[in-house]
$ cat structure-v5.txt   # compact mmCIF, C-alpha atoms and all ligand atoms
# COMPACT_ATOMS: atom_id res chain seq x y z
CA MET A 19 -6.47 -33.19 18.32
CA LEU A 20 -9.70 -31.47 17.33
CA VAL A 21 -8.57 -28.01 18.49
CA PRO A 22 -5.45 -27.65 16.27
CA ILE A 23 -7.39 -29.05 13.28
CA ALA A 24 -10.23 -26.56 13.81
CA PHE A 25 -7.79 -23.64 14.22
CA GLY A 26 -5.78 -24.88 11.23
CA LEU A 27 -8.80 -25.17 8.94
CA PHE A 28 -9.93 -21.70 9.99
CA GLY A 29 -6.38 -20.56 9.17
CA LEU A 30 -6.69 -21.96 5.63
CA ILE A 31 -9.83 -19.88 5.05
CA VAL A 32 -8.26 -16.76 6.57
CA GLY A 33 -5.10 -17.34 4.50
CA SER A 34 -7.22 -17.55 1.37
CA PHE A 35 -8.83 -14.21 2.27
CA LEU A 36 -5.42 -12.66 3.02
CA ASN A 37 -4.27 -13.55 -0.50
CA VAL A 38 -7.19 -11.56 -1.90
CA LEU A 39 -6.45 -8.70 0.51
CA ILE A 40 -2.73 -8.61 -0.42
CA LEU A 41 -3.46 -8.78 -4.15
CA ARG A 42 -6.27 -6.22 -4.28
CA TRP A 43 -5.23 -3.70 -1.61
CA GLY A 44 -5.25 -0.20 -3.10
CA LYS A 45 -6.04 -1.63 -6.55
CA ARG A 46 -9.60 -2.90 -6.64
CA ALA A 47 -12.56 -3.58 -4.34
CA LEU A 48 -12.30 -6.53 -1.97
CA THR A 49 -15.75 -7.71 -3.00
CA GLY A 50 -16.38 -9.31 -6.39
CA ARG A 51 -15.36 -12.63 -7.84
CA SER A 52 -11.71 -13.53 -8.31
CA THR A 53 -10.42 -13.59 -11.86
CA CYS A 54 -7.34 -15.12 -13.46
CA GLU A 55 -4.54 -12.54 -13.57
CA SER A 56 -3.64 -13.67 -17.06
CA CYS A 57 -6.87 -14.39 -18.99
CA GLU A 58 -9.16 -12.44 -16.61
CA ARG A 59 -11.83 -15.14 -16.68
CA THR A 60 -13.86 -15.57 -13.49
CA ILE A 61 -12.45 -18.43 -11.41
CA PRO A 62 -15.14 -21.00 -10.51
CA TRP A 63 -15.66 -21.69 -6.78
CA TYR A 64 -14.23 -25.22 -7.01
CA ASP A 65 -10.90 -23.75 -8.12
CA LEU A 66 -10.76 -21.51 -5.04
CA VAL A 67 -10.53 -24.22 -2.34
CA PRO A 68 -7.43 -23.38 -0.27
CA VAL A 69 -4.32 -25.46 -1.12
CA LEU A 70 -6.34 -28.35 -2.65
CA SER A 71 -7.37 -26.47 -5.81
CA TRP A 72 -3.84 -25.27 -6.41
CA VAL A 73 -2.53 -28.82 -6.10
CA ALA A 74 -5.34 -30.27 -8.27
CA LEU A 75 -4.66 -27.69 -11.01
CA ARG A 76 -0.90 -28.25 -10.58
CA GLY A 77 -0.49 -24.49 -10.16
CA ARG A 78 -2.01 -23.50 -13.51
CA CYS A 79 -5.17 -21.67 -14.60
CA ARG A 80 -7.90 -24.07 -15.78
CA PHE A 81 -8.65 -21.94 -18.87
CA CYS A 82 -5.40 -20.42 -20.12
CA GLY A 83 -2.77 -22.55 -18.38
CA ALA A 84 -0.96 -19.53 -16.90
CA TRP A 85 1.04 -20.21 -13.74
CA ILE A 86 -0.72 -19.33 -10.51
CA SER A 87 1.72 -17.82 -8.00
CA ILE A 88 3.04 -20.19 -5.32
CA GLN A 89 2.32 -17.30 -2.93
CA TYR A 90 -1.31 -18.45 -2.62
CA ILE A 91 -0.55 -21.89 -1.29
CA LEU A 92 2.36 -20.62 0.84
CA VAL A 93 0.27 -17.96 2.60
CA GLU A 94 -2.59 -20.42 3.19
CA THR A 95 -0.26 -23.08 4.60
CA VAL A 96 1.67 -20.67 6.83
CA VAL A 97 -1.51 -19.10 8.27
CA ALA A 98 -2.97 -22.59 8.88
CA LEU A 99 0.19 -23.72 10.74
CA VAL A 100 0.43 -20.50 12.75
CA PHE A 101 -3.27 -20.70 13.72
CA ALA A 102 -2.87 -24.36 14.73
CA LEU A 103 0.13 -23.42 16.91
CA ILE A 104 -1.90 -20.65 18.55
CA GLY A 105 -4.79 -23.10 19.00
CA ILE A 106 -2.78 -25.48 21.16
CA ALA A 107 -0.78 -22.81 23.03
CA PRO A 108 -1.05 -23.12 26.83
CA VAL A 109 -2.79 -19.76 27.33
CA SER A 110 -6.43 -18.83 27.97
CA LEU A 111 -8.93 -19.18 25.14
CA TYR A 112 -9.69 -15.46 24.81
CA LEU A 113 -5.97 -14.66 24.48
CA ARG A 114 -5.68 -17.31 21.77
CA VAL A 115 -8.69 -15.90 19.91
CA LEU A 116 -7.28 -12.35 20.17
CA ALA A 117 -3.93 -13.59 18.86
CA LEU A 118 -5.47 -14.84 15.57
CA PRO A 119 -6.15 -11.46 13.88
CA VAL A 120 -2.77 -10.11 15.02
CA ALA A 121 -0.97 -13.14 13.54
CA ALA A 122 -2.99 -12.89 10.30
CA LEU A 123 -2.22 -9.17 9.92
CA LEU A 124 1.50 -9.69 10.60
CA ILE A 125 1.67 -12.38 7.89
CA ALA A 126 -0.23 -10.14 5.46
CA ILE A 127 2.14 -7.23 6.22
CA ALA A 128 5.21 -9.43 5.67
CA VAL A 129 3.99 -10.64 2.26
CA TYR A 130 2.82 -7.17 1.18
CA ASP A 131 6.16 -5.66 2.25
CA LEU A 132 8.00 -8.36 0.32
CA ARG A 133 6.01 -7.55 -2.84
CA HIS A 134 5.87 -3.76 -2.62
CA THR A 135 8.50 -2.68 -0.01
CA LEU A 136 5.60 -0.92 1.68
CA ILE A 137 3.57 -1.51 4.81
CA PRO A 138 -0.10 -0.44 4.63
CA ASP A 139 -0.80 2.00 7.49
CA LEU A 140 -4.23 0.62 8.32
CA TRP A 141 -2.98 -2.96 8.73
CA VAL A 142 -0.14 -2.03 11.07
CA TYR A 143 -2.38 0.30 13.13
CA VAL A 144 -5.08 -2.36 13.56
CA ALA A 145 -2.42 -4.94 14.51
CA GLY A 146 -0.91 -2.46 16.98
CA GLY A 147 -4.29 -1.67 18.56
CA LEU A 148 -5.10 -5.38 18.97
CA ALA A 149 -1.64 -6.09 20.38
CA LEU A 150 -2.20 -3.35 22.98
CA VAL A 151 -5.56 -4.90 23.91
CA ILE A 152 -3.86 -8.31 24.37
CA SER A 153 -1.21 -6.75 26.63
CA LEU A 154 -3.80 -4.91 28.71
CA VAL A 155 -5.98 -8.04 29.02
CA SER A 156 -2.94 -10.07 30.15
CA ALA A 157 -1.94 -7.33 32.62
CA ALA A 158 -5.50 -7.25 33.98
CA ALA A 159 -5.46 -11.04 34.40
CA GLY A 160 -2.31 -10.65 36.50
CA GLY A 161 -4.10 -8.10 38.69
CA PHE A 162 -2.16 -5.29 37.00
CA GLY A 163 1.02 -6.47 38.68
CA GLU A 164 2.75 -4.68 35.85
CA SER A 165 1.62 -1.09 35.80
CA VAL A 166 -0.50 0.06 32.88
CA LEU A 167 2.06 2.72 32.14
CA LEU A 168 4.72 0.06 31.60
CA VAL A 169 2.46 -1.82 29.17
CA LEU A 170 1.62 1.36 27.28
CA SER A 171 5.23 2.55 27.02
CA ALA A 172 6.55 -0.78 25.69
CA GLY A 173 5.41 0.12 22.14
CA PRO A 174 7.04 3.56 21.82
CA ALA A 175 10.16 2.34 23.68
CA THR A 176 10.64 -0.53 21.20
CA ALA A 177 10.00 1.78 18.24
CA LEU A 178 12.47 4.41 19.48
CA PRO A 179 15.71 2.82 18.11
CA LEU A 180 14.16 2.38 14.64
CA PHE A 181 12.66 5.87 14.80
CA ALA A 182 16.13 7.26 15.55
CA MET A 183 17.55 5.37 12.53
CA TRP A 184 14.73 6.65 10.34
CA PHE A 185 15.22 10.22 11.60
CA VAL A 186 19.02 10.34 11.34
CA SER A 187 19.15 8.73 7.87
CA ARG A 188 16.05 10.60 6.62
CA GLY A 189 14.37 7.32 5.78
CA VAL A 190 17.31 5.66 4.00
CA TRP A 191 18.24 3.01 6.59
CA MET A 192 14.75 2.45 7.81
CA GLY A 193 11.23 3.07 6.51
CA LEU A 194 8.58 4.73 8.63
CA GLY A 195 6.49 1.59 8.16
CA ASP A 196 9.14 -0.40 10.05
CA VAL A 197 8.94 2.13 12.90
CA LYS A 198 5.16 1.65 13.12
CA LEU A 199 5.68 -2.11 13.02
CA ALA A 200 8.11 -1.88 15.96
CA LEU A 201 5.40 -0.05 17.91
CA THR A 202 3.16 -3.09 17.41
CA MET A 203 6.01 -5.41 18.41
CA GLY A 204 6.54 -3.58 21.70
CA TRP A 205 2.85 -3.73 22.59
CA LEU A 206 2.62 -7.39 21.65
CA LEU A 207 5.83 -8.64 23.28
CA GLY A 208 6.46 -6.15 26.08
CA LEU A 209 9.61 -4.03 26.28
CA GLU A 210 12.04 -6.88 26.93
CA GLY A 211 10.54 -9.13 24.25
CA GLY A 212 10.21 -6.24 21.80
CA LEU A 213 13.87 -5.30 22.07
CA ALA A 214 14.89 -8.98 21.84
CA ALA A 215 12.84 -9.28 18.63
CA LEU A 216 14.49 -6.13 17.20
CA PHE A 217 17.92 -7.56 17.90
CA LEU A 218 16.95 -10.92 16.39
CA ALA A 219 15.55 -9.17 13.29
CA PHE A 220 18.88 -7.42 12.69
CA ILE A 221 20.71 -10.75 12.99
CA LEU A 222 18.28 -12.47 10.59
CA GLY A 223 18.57 -9.52 8.19
CA ALA A 224 22.36 -9.67 8.28
CA ILE A 225 22.42 -13.44 7.70
CA VAL A 226 20.24 -13.08 4.59
CA SER A 227 21.74 -9.82 3.27
CA ALA A 228 25.42 -10.65 3.69
CA PRO A 229 25.55 -13.32 0.92
CA LEU A 230 23.41 -11.12 -1.37
CA LEU A 231 25.77 -8.20 -0.86
CA PHE A 232 28.84 -10.40 -1.29
CA PHE A 233 27.67 -11.85 -4.61
CA SER A 234 27.18 -8.34 -6.02
CA SER A 235 30.48 -6.99 -4.71
CA SER A 236 33.48 -6.15 -6.89
CA LEU A 237 35.46 -8.69 -4.88
CA TRP A 238 33.13 -11.45 -6.05
CA LYS A 239 33.39 -10.15 -9.63
CA ARG A 240 37.18 -10.46 -9.49
CA ILE A 241 37.08 -13.88 -7.88
CA SER A 242 34.51 -15.26 -10.30
CA ALA A 243 36.28 -13.77 -13.32
CA ARG A 244 39.35 -15.69 -12.31
CA TYR A 245 37.66 -18.91 -11.32
CA HIS A 246 34.93 -19.48 -13.87
CA PHE A 247 33.76 -22.73 -12.37
CA LEU A 248 32.42 -20.79 -9.35
CA HIS A 249 29.68 -19.45 -11.60
CA THR A 250 28.35 -22.87 -12.28
CA VAL A 251 28.61 -23.85 -8.63
CA PHE A 252 26.82 -20.82 -7.17
CA ASN A 253 24.86 -19.86 -10.27
CA VAL A 254 24.93 -16.22 -9.24
CA LYS A 255 25.60 -13.61 -11.89
CA ALA A 256 28.14 -11.07 -10.72
CA GLY A 257 27.11 -7.44 -10.77
CA LYS A 258 23.45 -8.25 -11.02
CA GLY A 259 21.78 -8.27 -7.68
CA TYR A 260 21.73 -6.43 -4.43
CA THR A 261 23.83 -3.48 -3.36
CA MET A 262 23.96 -1.56 -0.08
CA LYS A 263 21.53 0.85 -1.69
CA SER A 264 18.90 -1.62 -2.81
CA GLU A 265 15.99 -1.87 -0.49
CA ILE A 266 15.74 -5.27 1.11
CA PRO A 267 12.39 -5.10 2.89
CA PHE A 268 13.16 -5.19 6.62
CA GLY A 269 9.55 -5.77 7.67
CA GLN A 270 9.73 -9.50 6.96
CA PHE A 271 12.68 -9.89 9.36
CA LEU A 272 10.92 -7.87 12.05
CA ILE A 273 7.86 -10.07 11.65
CA LEU A 274 9.75 -13.37 11.59
CA ALA A 275 11.61 -12.31 14.75
CA THR A 276 8.32 -11.22 16.35
CA PHE A 277 6.77 -14.64 15.72
CA ILE A 278 9.81 -16.43 17.16
CA ILE A 279 9.82 -14.36 20.39
CA TRP A 280 6.00 -14.29 20.62
CA PHE A 281 5.55 -18.05 20.26
CA THR A 282 8.45 -19.02 22.51
CA ASN A 283 6.92 -16.75 25.18
CA MET A 284 3.44 -18.13 24.51
CA TYR A 285 4.73 -21.67 25.00
CA GLY A 286 6.73 -20.66 28.07
CA ILE A 287 10.10 -21.30 26.40
CA THR A 288 12.13 -18.41 27.84
CA PRO A 289 15.82 -19.06 27.07
CA LEU A 290 15.64 -17.08 23.84
CA THR A 291 14.53 -13.88 25.56
CA THR A 292 16.97 -14.30 28.43
CA PHE A 293 19.76 -15.01 25.96
CA PHE A 294 19.47 -11.58 24.34
ZN ZN B 301 -6.26 -17.84 -16.98
$ encode --input "structure-v5.txt" --output "structure tokens" --more "lines below"
Ligand SMILES: [Zn+2]
Amino acid sequence: MLVPIAFGLFGLIVGSFLNVLILRWGKRALTGRSTCESCERTIPWYDLVPVLSWVALRGRCRFCGAWISIQYILVETVVALVFALIGIAPVSLYLRVLALPVAALLIAIAVYDLRHTLIPDLWVYVAGGLALVISLVSAAAGGFGESVLLVLSAGPATALPLFAMWFVSRGVWMGLGDVKLALTMGWLLGLEGGLAALFLAFILGAIVSAPLLFFSSSLWKRISARYHFLHTVFNVKAGKGYTMKSEIPFGQFLILATFIIWFTNMYGITPLTTFF
């Protein structure tokens, strides 16, 4: 019981740091005290305790009462849970320790992509490098039963379908950041797992996008114009929302799918990979 708690508490601290990283990246230095986004007063240390401070302040700034984004507590909680899950995974300790920075970076990338529709190069490259190290360490532990070449090629091979989509559509269907992310996925999950995660990401993306697209379609406009009560039921304003052209960040789906395949493999639950 001590191991998941220790990993989880460490995750809270890392999550707290990730929030700072996500908020300040490309804007201001990572060092320096945190200030309220609204009144710009320096936040005292006792208001920076992960999760607890946010709950104690009921999500508002102590000085000006401005709302503090729920993102803070969400990121901290998710990182803590993910770290705890890694902590109790039935794999060797050094693999678990190596998995922590990769998981943290993937979560940071997902949140940053959600906010800015952009994936910072440095984050995805560091995650990719670490993922490759994990693969090589695992291959070495197995006496290099899988050839090194196979491990190395898993990244580019997984990225290839997305690269083709990026190339053919000149960046409309797919961002180059997603291609780089797929490279990391291949190195982390192996070729089979990487491709399974890609497939799963497209399914997850479709499940989320389909209702968004439907509610902004002309069909929905006609239906809701005729049946006014539908508005109150679904509370979705017709014509205001997503279209095929609006950019729904795909990185979050790639990352969610990666975590699902990664963790099921880590825990030795294989049906998901064999299913695809
Ligand atoms: Zn304030």
$ residues_near_ligand --input "structure-v5.txt" --ligand "ligand ZN 301 (chain B)" --cutoff "10 Å" --atoms "all atoms listed in the file" --output "PyMOL selection string"
chain A and resi 53-61+78-86
$ write_last_selection --input "structure-v5.txt" --atoms "C-alpha atoms" --output "PDB file, in the frame of the given file"
ATOM      1  CA  THR A  53     -10.420 -13.590 -11.860  1.00  0.00           C
ATOM      2  CA  CYS A  54      -7.340 -15.120 -13.460  1.00  0.00           C
ATOM      3  CA  GLU A  55      -4.540 -12.540 -13.570  1.00  0.00           C
ATOM      4  CA  SER A  56      -3.640 -13.670 -17.060  1.00  0.00           C
ATOM      5  CA  CYS A  57      -6.870 -14.390 -18.990  1.00  0.00           C
ATOM      6  CA  GLU A  58      -9.160 -12.440 -16.610  1.00  0.00           C
ATOM      7  CA  ARG A  59     -11.830 -15.140 -16.680  1.00  0.00           C
ATOM      8  CA  THR A  60     -13.860 -15.570 -13.490  1.00  0.00           C
ATOM      9  CA  ILE A  61     -12.450 -18.430 -11.410  1.00  0.00           C
ATOM     10  CA  ARG A  78      -2.010 -23.500 -13.510  1.00  0.00           C
ATOM     11  CA  CYS A  79      -5.170 -21.670 -14.600  1.00  0.00           C
ATOM     12  CA  ARG A  80      -7.900 -24.070 -15.780  1.00  0.00           C
ATOM     13  CA  PHE A  81      -8.650 -21.940 -18.870  1.00  0.00           C
ATOM     14  CA  CYS A  82      -5.400 -20.420 -20.120  1.00  0.00           C
ATOM     15  CA  GLY A  83      -2.770 -22.550 -18.380  1.00  0.00           C
ATOM     16  CA  ALA A  84      -0.960 -19.530 -16.900  1.00  0.00           C
ATOM     17  CA  TRP A  85       1.040 -20.210 -13.740  1.00  0.00           C
ATOM     18  CA  ILE A  86      -0.720 -19.330 -10.510  1.00  0.00           C
TER      19      ILE A  86
END
$ closest_atom_pairs --input "structure-v5.txt" --of "region 21-79 of chain A" --to "region 124-128 of chain A" --cutoff "9 Å" --atoms "all atoms listed in the file" --output "Markdown table"
| residue | atom | partner | partner_atom | distance |
| --- | --- | --- | --- | --- |
| A:Gly33 | CA | A:Ala126 | CA | 8.7 |
| A:Leu36 | CA | A:Ala126 | CA | 6.3 |
| A:Asn37 | CA | A:Ala126 | CA | 8.0 |
| A:Leu39 | CA | A:Ala126 | CA | 8.1 |
| A:Ile40 | CA | A:Ala126 | CA | 6.6 |
$ atom_distance --input "structure-v5.txt" --atom1 "CA of Leu148 (chain A)" --atom2 "CA of Gly29 (chain A)"
18.1 Å
$ residues_around --input "structure-v5.txt" --residues "Val97 (chain A)" --least-positions-apart "2" --cutoff "9 Å" --atoms "all atoms listed in the file" --output "PyMOL selection string"
chain A and resi 26+28-33+92-95+99-102+121-122+125
$ atom_distance --input "structure-v5.txt" --atom1 "CA of Val142 (chain A)" --atom2 "CA of Met284 (chain A)"
21.3 Å
$ residues_around --input "structure-v5.txt" --residues "Glu210 (chain A)" --least-positions-apart "2" --cutoff "12 Å" --atoms "all atoms listed in the file" --output "list of chain:residue names"
A:Leu168, A:Val169, A:Ser171, A:Ala172, A:Gly173, A:Ala175, A:Thr176, A:Met203, A:Gly204, A:Trp205, A:Leu206, A:Leu207, A:Gly208, A:Gly212, A:Leu213, A:Ala214, A:Ala215, A:Leu216, A:Phe217, A:Ile279, A:Trp280, A:Asn283, A:Thr288, A:Leu290, A:Thr291, A:Thr292, A:Phe293, A:Phe294
$ residues_around --input "structure-v5.txt" --residues "Leu154 (chain A)" --least-positions-apart "4" --cutoff "9 Å" --atoms "all atoms listed in the file" --output "PyMOL selection string"
chain A and resi 149-150+158-159+162+166+169-170
$ atom_distance --input "structure-v5.txt" --atom1 "CA of Gly147 (chain A)" --atom2 "CA of His134 (chain A)"
23.6 Å
$ residues_around --input "structure-v5.txt" --residues "Leu180 (chain A)" --least-positions-apart "4" --cutoff "7 Å" --atoms "all atoms listed in the file" --output "number ranges by chain"
A: 184, 192, 197
$ write_last_selection --input "structure-v5.txt" --atoms "C-alpha atoms" --output "short mmCIF file (atom, residue, chain, number, x, y, z; two decimals), in the coordinates of the input"
data_model
loop_
_atom_site.label_atom_id
_atom_site.label_comp_id
_atom_site.auth_asym_id
_atom_site.auth_seq_id
_atom_site.Cartn_x
_atom_site.Cartn_y
_atom_site.Cartn_z
CA TRP A 184 14.73 6.65 10.34
CA MET A 192 14.75 2.45 7.81
CA VAL A 197 8.94 2.13 12.90
#
$ axis_aligned_box --input "structure-v5.txt" --around "region 201-207 of chain A" --padding-each-side "8 Å" --output "JSON"
{"center_x": 4.6, "center_y": -4.3, "center_z": 20.3, "size_x": 19.9, "size_y": 24.6, "size_z": 21.9}
$ residues_around --input "structure-v5.txt" --residues "Thr135 (chain A)" --least-positions-apart "6" --cutoff "12 Å" --atoms "all atoms listed in the file" --output "ChimeraX atom specification"
/A:127-129,192-196,264-270
$ closest_residue --input "structure-v5.txt" --among "A:Ala219, A:Ile106, A:Leu70, A:Ala200" --to "Pro174 (chain A)" --atoms "only C-alpha atoms"
A:Ala200
$ closest_residue --input "structure-v5.txt" --among "A:Ala98, A:Leu113, A:Ile241, A:Leu222" --to "Val69 (chain A)" --atoms "only C-alpha atoms"
A:Ala98
$ closest_residue --input "structure-v5.txt" --among "A:Pro22, A:Pro62, A:Pro179, A:Pro68" --to "Leu103 (chain A)" --atoms "all atoms listed in the file"
A:Pro22
